[in-house]
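Contents: one structure, followed by commentary.
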Amino acid sequence: MQFAFSTNAFKNYPLEDSIRTIASIGYEGVELLCDRPHAFPPDMGEGDVRSIRRLLASQNVKISNLNAFTLFACGDTYHPSWIEDDWESRDYRLQHTIECLKLAGKIGASNVSTEPGGPLRGTGNNGIPQLEKLFAEGLTLASKAAEREGVKILVEPEPALLLENSRQFKNFMKQVHSDYVRLNFDIGHFFCVGEDPAELVFELSDYIEHFHLADIAGDLTHYHLIPGHGAIDFGKIFDAIRGIGYGGFVTVELYTYQDNPAEAAREAFDYLSGIAK
């Protein structure tokens with residue numbers, strides 16, 4: 001188990017400075033935000049990719065994940081989504097994901113995380129089965145690019161979106177027939193919907209490729225807190241993660257601390273390092 005930190009907390013800083021800061025704290029990995037102002041694929045030329053690869057090597061950090069969840073460059077946190085009413089918006093999400101997969105192949109990332117369909121509001125009169133069908137169709141198309149690049153697409157269940165809990169995720173995966181579509185296990189998200197993340201680690205072990213981590217308050221409000229500021233028992237979860245033999249990255253995601261990301265990253269690293277010993 002290795003700790004990484006997501007650059008989505010550093011949106012007020014250039015990507016290169018963010019990577020240097022994250023590495024200086026002691027993280028072994030960094031998750032790149034595939035949105036502006038960081039690694040939005042249309043902005044990433046070949047020279048930019050080479051520069052980031054050199055910087056990562058010089059700082060002795062690896063890429064834990066490419067975060068392709070948000071689309072502020074042309075929309076917002078969730079839109080365009082996989083389940084919009086109009087096909088042009090759905091296609092934009094699909095093409096963005098494909099471009100992120102290509103970037104992952106160039107920059108040396110093993111996986112790209114994406115939203116679990118999207119918000120239900122604004123999807124017209126479509127019922128859940130139809131929305132899941134749209135999502136599955138989009139992922140199936142994206143999975144062909146994932147296979148070409150040798151990069152996994154990781155669905156990240158989130159409260160109040162199409163797929164928000166483990167049951168919905170597992171049922172949905174019956175519609176997806178690709179080994180290149182897997183799970184980004186967000187510890188805080190599962191906790192928010194009243195599930196026990198430690199138990200789910202074992203239940204979902206066949207799907208897990210990467211973890212997101214943030215603390216959550218005891219009232220289950222979906223707001224990312226620095227580990228130790230909420231109610232999650234990370235020691236129990238780390239025991240479970242070790243129990244399934246997972247040796248990959250656990251990425252700390254604290255986009256809620258954009259005013260002081262370095263301080264939040266440092267406090268999180270110190271706290272988690274003490275627990276993980």
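Residues in the structure tokens are numbered from 1 in each chain, the chains being A, B, ... in the order shown, and ligands are numbered from 1 in the order shown.
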
Quiz item: Which neighbours of Ala262 in chain A fall inside 8 Å, counting only C-alpha atoms, when residues of the same chain fewer than 4 positions from it are skipped, and could you give them as an MDAnalysis selection string?
Solution: chainID A and resid 21:22 266

Written file, previous selection with C-alpha atoms, as a PDB file, in the first residue's frame:
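Result saved to part-v5.pdb:
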ATOM      1  CA  THR A  21       5.095  19.994  -3.246  1.00  0.00           C
ATOM      2  CA  ILE A  22       3.387  16.606  -3.038  1.00  0.00           C
ATOM      3  CA  ARG A 266       1.165  17.306   5.040  1.00  0.00           C
TER       4      ARG A 266
END

Practice problem: Pick out each residue of range 75-183 of chain A that DSSP on the backbone tags as strand (DSSP E); I need them as a ChimeraX atom specification. | Solution: /A:111-114,152-155,181-183

Could you write out that same residue set with C-alpha atoms as a compact mmCIF listing (two decimals), in the first residue's frame?
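Output file selection-v1.txt is given in full below:
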# COMPACT_ATOMS: atom_id res chain seq x y z
CA ASN A 111 -5.86 3.80 -14.77
CA VAL A 112 -8.32 6.63 -15.34
CA SER A 113 -11.21 7.26 -12.95
CA THR A 114 -14.61 8.56 -14.04
CA LYS A 152 -8.18 0.58 -16.93
CA ILE A 153 -11.31 2.76 -16.64
CA LEU A 154 -12.32 3.00 -12.99
CA VAL A 155 -15.93 3.78 -12.08
CA VAL A 181 -13.69 -1.44 -16.58
CA ARG A 182 -13.08 -1.73 -12.85
CA LEU A 183 -13.60 0.13 -9.56

Quiz item: Could you pull out the helix (DSSP H, G or I) residues of range 24-105 of chain A from DSSP and send them as a PyMOL selection string?
Solution: chain A and resi 24-25+41-43+46-59+87-105

Residue subset to file, keeping C-alpha atoms, as an mmCIF file, in the first residue's frame:
data_model
loop_
_atom_site.group_PDB
_atom_site.id
_atom_site.type_symbol
_atom_site.label_atom_id
_atom_site.label_comp_id
_atom_site.auth_asym_id
_atom_site.auth_seq_id
_atom_site.Cartn_x
_atom_site.Cartn_y
_atom_site.Cartn_z
ATOM 1 C CA SER A 24 8.477 16.975 -0.945
ATOM 2 C CA ILE A 25 5.949 15.951 1.717
ATOM 3 C CA PRO A 41 -5.892 16.451 -22.625
ATOM 4 C CA PRO A 42 -6.482 19.116 -25.327
ATOM 5 C CA ASP A 43 -3.954 21.318 -23.509
ATOM 6 C CA GLU A 46 3.872 16.054 -26.585
ATOM 7 C CA GLY A 47 6.323 18.475 -25.003
ATOM 8 C CA ASP A 48 4.111 18.848 -21.946
ATOM 9 C CA VAL A 49 3.900 15.089 -21.547
ATOM 10 C CA ARG A 50 7.685 14.727 -21.784
ATOM 11 C CA SER A 51 8.160 17.534 -19.266
ATOM 12 C CA ILE A 52 5.798 15.952 -16.738
ATOM 13 C CA ARG A 53 7.438 12.547 -17.158
ATOM 14 C CA ARG A 54 10.861 14.076 -16.509
ATOM 15 C CA LEU A 55 9.567 15.928 -13.469
ATOM 16 C CA LEU A 56 7.983 12.803 -12.001
ATOM 17 C CA ALA A 57 11.227 10.895 -12.463
ATOM 18 C CA SER A 58 13.295 13.677 -10.897
ATOM 19 C CA GLN A 59 10.955 13.813 -7.880
ATOM 20 C CA TRP A 87 -26.175 12.428 -27.389
ATOM 21 C CA GLU A 88 -23.772 15.305 -28.107
ATOM 22 C CA SER A 89 -23.149 15.781 -24.392
ATOM 23 C CA ARG A 90 -22.796 12.035 -23.814
ATOM 24 C CA ASP A 91 -20.384 11.854 -26.719
ATOM 25 C CA TYR A 92 -18.303 14.695 -25.261
ATOM 26 C CA ARG A 93 -17.916 12.712 -22.035
ATOM 27 C CA LEU A 94 -16.999 9.619 -24.047
ATOM 28 C CA GLN A 95 -14.415 11.429 -26.166
ATOM 29 C CA HIS A 96 -12.943 13.129 -23.086
ATOM 30 C CA THR A 97 -12.505 9.738 -21.441
ATOM 31 C CA ILE A 98 -10.878 8.303 -24.557
ATOM 32 C CA GLU A 99 -8.464 11.251 -24.703
ATOM 33 C CA CYS A 100 -7.639 10.722 -21.009
ATOM 34 C CA LEU A 101 -6.913 7.049 -21.748
ATOM 35 C CA LYS A 102 -4.563 8.072 -24.546
ATOM 36 C CA LEU A 103 -2.855 10.544 -22.226
ATOM 37 C CA ALA A 104 -2.505 7.798 -19.612
ATOM 38 C CA GLY A 105 -0.767 5.617 -22.168
#

Exercise. May I ask which of the residues A:His222, A:Lys133, A:His38, A:His189 is the closest one to Met173 in chain A, counting only C-alpha atoms?
Key: A:Lys133

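Going from CA of Tyr257 in chain A to CA of Leu213 in chain A covers 14.0 Å.
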
Practice problem: Point out the residue among A:Arg20, A:His212, A:Lys174, A:Arg167 with the least atom-to-atom distance to Glu195 in chain A, counting only C-alpha atoms. | Solution: A:Arg167

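From CA of Ser166 in chain A back to CA of Gly243 in chain A, the distance works out to 19.1 Å.
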
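What separates CA of Tyr180 in chain A from CA of Gly138 in chain A is a distance of 13.2 Å.
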
Quiz item: Between A:Tyr78, A:Phe10, A:Phe69, A:Tyr271, which has the minimum distance to Gly235 in chain A (counting only C-alpha atoms)?
Solution: A:Tyr271

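When only C-alpha atoms are used to compute distances to Leu33 in chain A, the closest of the residues A:Leu200, A:Ala214, A:Ile63, A:Cys74 turns out to be A:Ile63.
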
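For the set A:Thr7, A:Gln130, A:Gln168, A:Asn12, the residue with the smallest atom-to-atom gap to Asn65 in chain A is A:Thr7, counting only C-alpha atoms.
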
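Closest approach to Asn126 in chain A among A:Gly247, A:Ala276, A:Gln258, A:Ile83 is made by A:Ile83 (distances from only C-alpha atoms).
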
Practice problem: Can you pull out every residue within 10 Å of Ser64 in chain A, counting only C-alpha atoms, but drop anything in the same chain fewer than 4 positions away, and send it as a PyMOL selection string? | Solution: chain A and resi 2-6+28-32+108-112+210-211+248-251

Once you have the residues from the selection above, write them out as an mmCIF file, in the first residue's frame, restricted to C-alpha atoms.
data_model
loop_
_atom_site.group_PDB
_atom_site.id
_atom_site.type_symbol
_atom_site.label_atom_id
_atom_site.label_comp_id
_atom_site.auth_asym_id
_atom_site.auth_seq_id
_atom_site.Cartn_x
_atom_site.Cartn_y
_atom_site.Cartn_z
ATOM 1 C CA GLN A 2 1.402 3.329 -1.126
ATOM 2 C CA PHE A 3 0.055 6.829 -0.487
ATOM 3 C CA ALA A 4 -0.519 9.392 -3.225
ATOM 4 C CA PHE A 5 -2.140 12.826 -3.249
ATOM 5 C CA SER A 6 -4.478 14.292 -5.855
ATOM 6 C CA GLU A 28 5.129 8.130 -3.327
ATOM 7 C CA GLY A 29 2.518 8.973 -5.926
ATOM 8 C CA VAL A 30 0.462 11.770 -7.415
ATOM 9 C CA GLU A 31 -2.956 11.711 -9.043
ATOM 10 C CA LEU A 32 -3.240 14.115 -11.958
ATOM 11 C CA GLY A 108 2.638 6.139 -17.869
ATOM 12 C CA ALA A 109 -0.594 5.872 -15.859
ATOM 13 C CA SER A 110 -2.324 2.535 -15.294
ATOM 14 C CA ASN A 111 -5.855 3.802 -14.773
ATOM 15 C CA VAL A 112 -8.321 6.627 -15.343
ATOM 16 C CA HIS A 210 -7.292 2.001 -6.867
ATOM 17 C CA PHE A 211 -8.493 3.744 -3.704
ATOM 18 C CA GLY A 248 -1.143 -0.307 -5.098
ATOM 19 C CA PHE A 249 -1.900 3.342 -4.421
ATOM 20 C CA VAL A 250 -4.297 4.882 -1.950
ATOM 21 C CA THR A 251 -4.770 8.473 -3.125
#

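Contact shell of Ile216 in chain A at 12 Å (only C-alpha atoms; same-chain neighbours under 4 positions omitted): Asp186, Ile187, Gly188, His189, Phe190, Phe191, Cys192, Val193, Gly194, Leu220, Thr221, His222, Tyr223, His224, Leu225, Ile226, Pro227, Gly228, His229, Gly230, Ala231, Ile232, Asp233, Phe234, Glu253, Leu254 and Thr256 of chain A.
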
Take the residues from that selection and write them out as a tab-separated table (two decimals), in the first residue's frame, keeping N, CA and C atoms.
chain	number	residue	atom	x	y	z
A	186	ASP	N	-13.76	4.56	-3.47
A	186	ASP	CA	-13.66	5.78	-2.69
A	186	ASP	C	-14.18	5.50	-1.28
A	187	ILE	N	-13.26	5.45	-0.33
A	187	ILE	CA	-13.59	5.08	1.05
A	187	ILE	C	-14.64	6.01	1.64
A	188	GLY	N	-14.46	7.31	1.45
A	188	GLY	CA	-15.40	8.28	2.02
A	188	GLY	C	-16.78	8.18	1.39
A	189	HIS	N	-16.85	7.95	0.09
A	189	HIS	CA	-18.14	7.86	-0.57
A	189	HIS	C	-18.97	6.69	-0.04
A	190	PHE	N	-18.35	5.53	0.10
A	190	PHE	CA	-19.09	4.39	0.62
A	190	PHE	C	-19.53	4.64	2.07
A	191	PHE	N	-18.67	5.29	2.84
A	191	PHE	CA	-19.03	5.62	4.22
A	191	PHE	C	-20.23	6.56	4.26
A	192	CYS	N	-20.27	7.53	3.32
A	192	CYS	CA	-21.37	8.49	3.27
A	192	CYS	C	-22.73	7.84	3.06
A	193	VAL	N	-22.78	6.75	2.33
A	193	VAL	CA	-24.07	6.10	2.05
A	193	VAL	C	-24.37	5.00	3.06
A	194	GLY	N	-23.64	5.01	4.18
A	194	GLY	CA	-23.97	4.12	5.29
A	194	GLY	C	-23.40	2.72	5.19
A	220	LEU	N	-22.40	11.83	8.22
A	220	LEU	CA	-22.34	11.28	6.85
A	220	LEU	C	-22.49	12.33	5.76
A	221	THR	N	-22.31	13.60	6.10
A	221	THR	CA	-22.33	14.64	5.07
A	221	THR	C	-21.19	14.42	4.08
A	222	HIS	N	-21.51	14.51	2.79
A	222	HIS	CA	-20.49	14.30	1.77
A	222	HIS	C	-19.63	15.56	1.65
A	223	TYR	N	-18.61	15.63	2.50
A	223	TYR	CA	-17.64	16.72	2.49
A	223	TYR	C	-16.30	16.14	2.92
A	224	HIS	N	-15.30	16.25	2.04
A	224	HIS	CA	-14.01	15.62	2.29
A	224	HIS	C	-13.25	16.35	3.39
A	225	LEU	N	-12.87	15.61	4.42
A	225	LEU	CA	-12.12	16.14	5.55
A	225	LEU	C	-10.73	15.52	5.59
A	226	ILE	N	-9.79	16.24	6.19
A	226	ILE	CA	-8.45	15.69	6.43
A	226	ILE	C	-8.60	14.45	7.31
A	227	PRO	N	-7.92	13.36	6.97
A	227	PRO	CA	-7.98	12.16	7.82
A	227	PRO	C	-7.69	12.49	9.28
A	228	GLY	N	-8.54	11.97	10.16
A	228	GLY	CA	-8.43	12.28	11.57
A	228	GLY	C	-9.40	13.33	12.03
A	229	HIS	N	-10.03	14.04	11.08
A	229	HIS	CA	-11.00	15.09	11.41
A	229	HIS	C	-12.43	14.57	11.38
A	230	GLY	N	-12.61	13.33	10.97
A	230	GLY	CA	-13.95	12.77	10.85
A	230	GLY	C	-14.12	11.50	11.66
A	231	ALA	N	-14.99	10.61	11.16
A	231	ALA	CA	-15.41	9.44	11.94
A	231	ALA	C	-14.95	8.11	11.36
A	232	ILE	N	-14.18	8.11	10.29
A	232	ILE	CA	-13.79	6.86	9.65
A	232	ILE	C	-12.65	6.18	10.41
A	233	ASP	N	-12.76	4.88	10.59
A	233	ASP	CA	-11.71	4.07	11.24
A	233	ASP	C	-10.75	3.57	10.16
A	234	PHE	N	-9.71	4.35	9.89
A	234	PHE	CA	-8.79	3.99	8.82
A	234	PHE	C	-7.92	2.80	9.18
A	253	GLU	N	-7.64	12.49	-1.40
A	253	GLU	CA	-8.33	13.46	-2.26
A	253	GLU	C	-8.99	14.52	-1.39
A	254	LEU	N	-8.39	15.70	-1.34
A	254	LEU	CA	-8.85	16.77	-0.45
A	254	LEU	C	-9.06	18.07	-1.22
A	256	THR	N	-11.39	19.92	-1.15
A	256	THR	CA	-12.07	20.89	-0.30
A	256	THR	C	-11.10	21.83	0.42
